[in-house]
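Quick notes on the structure that follows.
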Amino acid sequence: YVRASEELLETVVENVLDNSVSVSPPLSQITVTLRRQGAWAHLTIRDQGPGVPSQDLERIFERRFSSRTNAIAIAGSGGQSVEHAGIGLWVVRRNLMAIGGRVQAENVDTGGLVMRIAIPLAP
């Protein structure tokens, strides 16, 4: 058990997965892993999208910031143009901080982005 409500967890996971799906090429894989380490649950979500410019890795968690270009948004959404408000990952970080958790984004050398989420276990 973790120190979070179902609604909070759903919001966090849904936002990260939606982002991964929207930037990943068709037929690519999104890998989700969950493991326990000490007093933490570690959730990792890795996609095969274009990643994020290194200077924006922390900024993607800022309110109303989006590093996506229209080309990325169109390519990952089945050919449809998608508007990005830039609040999804801000909500993820805010919700995790409220329960003492954290989130970090890293580019993968072979392509894609990995989101590392740490959630404190319930006592």
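Going through the structure tokens in order, the chains are called A, B, and so on, while each chain numbers its residues from 1 and the ligands are numbered from 1 in the order shown.
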*Just list the residues in chain A DSSP gives helix (DSSP H, G or I) on the backbone, as a ChimeraX atom specification.*
/A:6-23,54-56,59-61,70-75,88-98
Please provide as a PDB file with N, CA and C atoms, in the first residue's frame all residues within 9 Å of A:Leu17, with the sequence filter that same-chain residues fewer than 5 positions apart are discarded (counting only C-alpha atoms).
```
ATOM      1  N   VAL A  12      -1.991  10.749 -11.691  1.00  0.00           N
ATOM      2  CA  VAL A  12      -0.557  10.707 -11.976  1.00  0.00           C
ATOM      3  C   VAL A  12      -0.269   9.757 -13.137  1.00  0.00           C
ATOM      4  N   SER A  22       0.976   9.901 -26.617  1.00  0.00           N
ATOM      5  CA  SER A  22       0.812  10.973 -27.605  1.00  0.00           C
ATOM      6  C   SER A  22       2.099  11.297 -28.359  1.00  0.00           C
ATOM      7  N   ILE A  30       5.623   1.108 -24.876  1.00  0.00           N
ATOM      8  CA  ILE A  30       5.734   1.889 -23.654  1.00  0.00           C
ATOM      9  C   ILE A  30       5.900   0.860 -22.545  1.00  0.00           C
ATOM     10  N   ILE A  45       8.025   4.705 -16.236  1.00  0.00           N
ATOM     11  CA  ILE A  45       7.310   4.646 -17.513  1.00  0.00           C
ATOM     12  C   ILE A  45       8.265   5.156 -18.584  1.00  0.00           C
ATOM     13  N   ASP A  47       9.008   5.569 -22.783  1.00  0.00           N
ATOM     14  CA  ASP A  47       8.421   5.552 -24.124  1.00  0.00           C
ATOM     15  C   ASP A  47       9.519   5.570 -25.175  1.00  0.00           C
TER      16      ASP A  47
END
```
*Residue with smallest distance to A:Gly100 - pool A:Val13, A:Ile119, A:Ser5, A:Val32, counting only C-alpha atoms*: A:Ile119
_Picked from chain A by DSSP as strand (DSSP E or B), as a PyMOL selection string_ = chain A and resi 2+31-37+40-46+102-107+113-121
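Interatomic distance, atom CA of A:Leu8 against atom CA of A:Val92: 8.8 Å.
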*asked:* I want to know what sits within 9 Å of A:Gly111, based on only C-alpha atoms, with residues of the same chain fewer than 6 positions away left out; could you give that as JSON, numbers by chain?
replied: {"A": [47, 48, 49, 50, 51]}
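Shortest separation to A:Ile60 among A:Val23, A:Val16, A:Met97, A:Leu89 occurs at residue A:Leu89, atoms counted being only C-alpha atoms.
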Quick one: residues within 7 Å of stretch 103-108 of chain A, only C-alpha atoms, excluding same-chain residues fewer than 5 positions away - as a compact mmCIF listing (two decimals) with N, CA and C atoms, in the first residue's frame?
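File produced: out_27.txt:
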```
# COMPACT_ATOMS: atom_id res chain seq x y z
N GLY A 51 11.84 12.15 -26.97
CA GLY A 51 12.50 12.70 -25.79
C GLY A 51 12.19 14.18 -25.65
N VAL A 52 12.92 14.82 -24.76
CA VAL A 52 12.72 16.24 -24.47
C VAL A 52 14.08 16.92 -24.57
N LEU A 57 14.13 19.49 -19.50
CA LEU A 57 13.75 18.33 -18.67
C LEU A 57 13.10 18.74 -17.35
N ARG A 93 3.53 16.38 -10.80
CA ARG A 93 4.52 16.77 -9.77
C ARG A 93 3.83 17.32 -8.53
N LEU A 113 11.90 8.79 -23.60
CA LEU A 113 11.93 9.46 -22.32
C LEU A 113 11.51 8.46 -21.25
N VAL A 114 12.14 8.55 -20.09
CA VAL A 114 11.74 7.72 -18.96
C VAL A 114 11.31 8.65 -17.84
N MET A 115 10.15 8.36 -17.28
CA MET A 115 9.64 9.09 -16.12
C MET A 115 9.80 8.19 -14.91
N ARG A 116 10.51 8.68 -13.91
CA ARG A 116 10.73 7.93 -12.67
C ARG A 116 9.90 8.56 -11.57
N ILE A 117 8.99 7.78 -11.04
CA ILE A 117 8.05 8.25 -10.03
C ILE A 117 8.30 7.48 -8.74
N ALA A 118 8.48 8.20 -7.64
CA ALA A 118 8.68 7.57 -6.33
C ALA A 118 7.51 7.95 -5.44
```
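For the pair atom CA of A:Val91 and atom CA of A:Val2, the interatomic distance is 18.5 Å.
Non-sequential neighbours of A:Leu34 (distance at most 8 Å, separation of 4 or more positions within a chain, only C-alpha atoms) are A:Ala41, A:His42, A:Leu43, A:Thr44.
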Write to file, as an mmCIF file, in the first residue's frame, the residues of the selection just made, with N, CA and C atoms.
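The result, written out as out.cif:
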```
data_model
loop_
_atom_site.group_PDB
_atom_site.id
_atom_site.type_symbol
_atom_site.label_atom_id
_atom_site.label_comp_id
_atom_site.auth_asym_id
_atom_site.auth_seq_id
_atom_site.Cartn_x
_atom_site.Cartn_y
_atom_site.Cartn_z
ATOM 1 N N ALA A 41 7.697 2.964 -3.327
ATOM 2 C CA ALA A 41 7.272 2.271 -4.545
ATOM 3 C C ALA A 41 7.821 3.097 -5.702
ATOM 4 N N HIS A 42 8.532 2.441 -6.616
ATOM 5 C CA HIS A 42 9.130 3.137 -7.757
ATOM 6 C C HIS A 42 8.419 2.703 -9.031
ATOM 7 N N LEU A 43 7.756 3.654 -9.666
ATOM 8 C CA LEU A 43 7.051 3.427 -10.919
ATOM 9 C C LEU A 43 7.866 4.092 -12.021
ATOM 10 N N THR A 44 8.178 3.323 -13.068
ATOM 11 C CA THR A 44 8.955 3.836 -14.185
ATOM 12 C C THR A 44 8.151 3.635 -15.461
#
```
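Minimum atom-to-atom distance to A:Asp18, evaluated using only C-alpha atoms, belongs to A:Gly88 out of A:Arg35, A:Gly88, A:Phe61, A:Arg102.
Counting only C-alpha atoms and comparing A:Gln37, A:Ala122, A:Ser28, A:Trp90, the residue that lies closest to A:Asn15 is A:Trp90.
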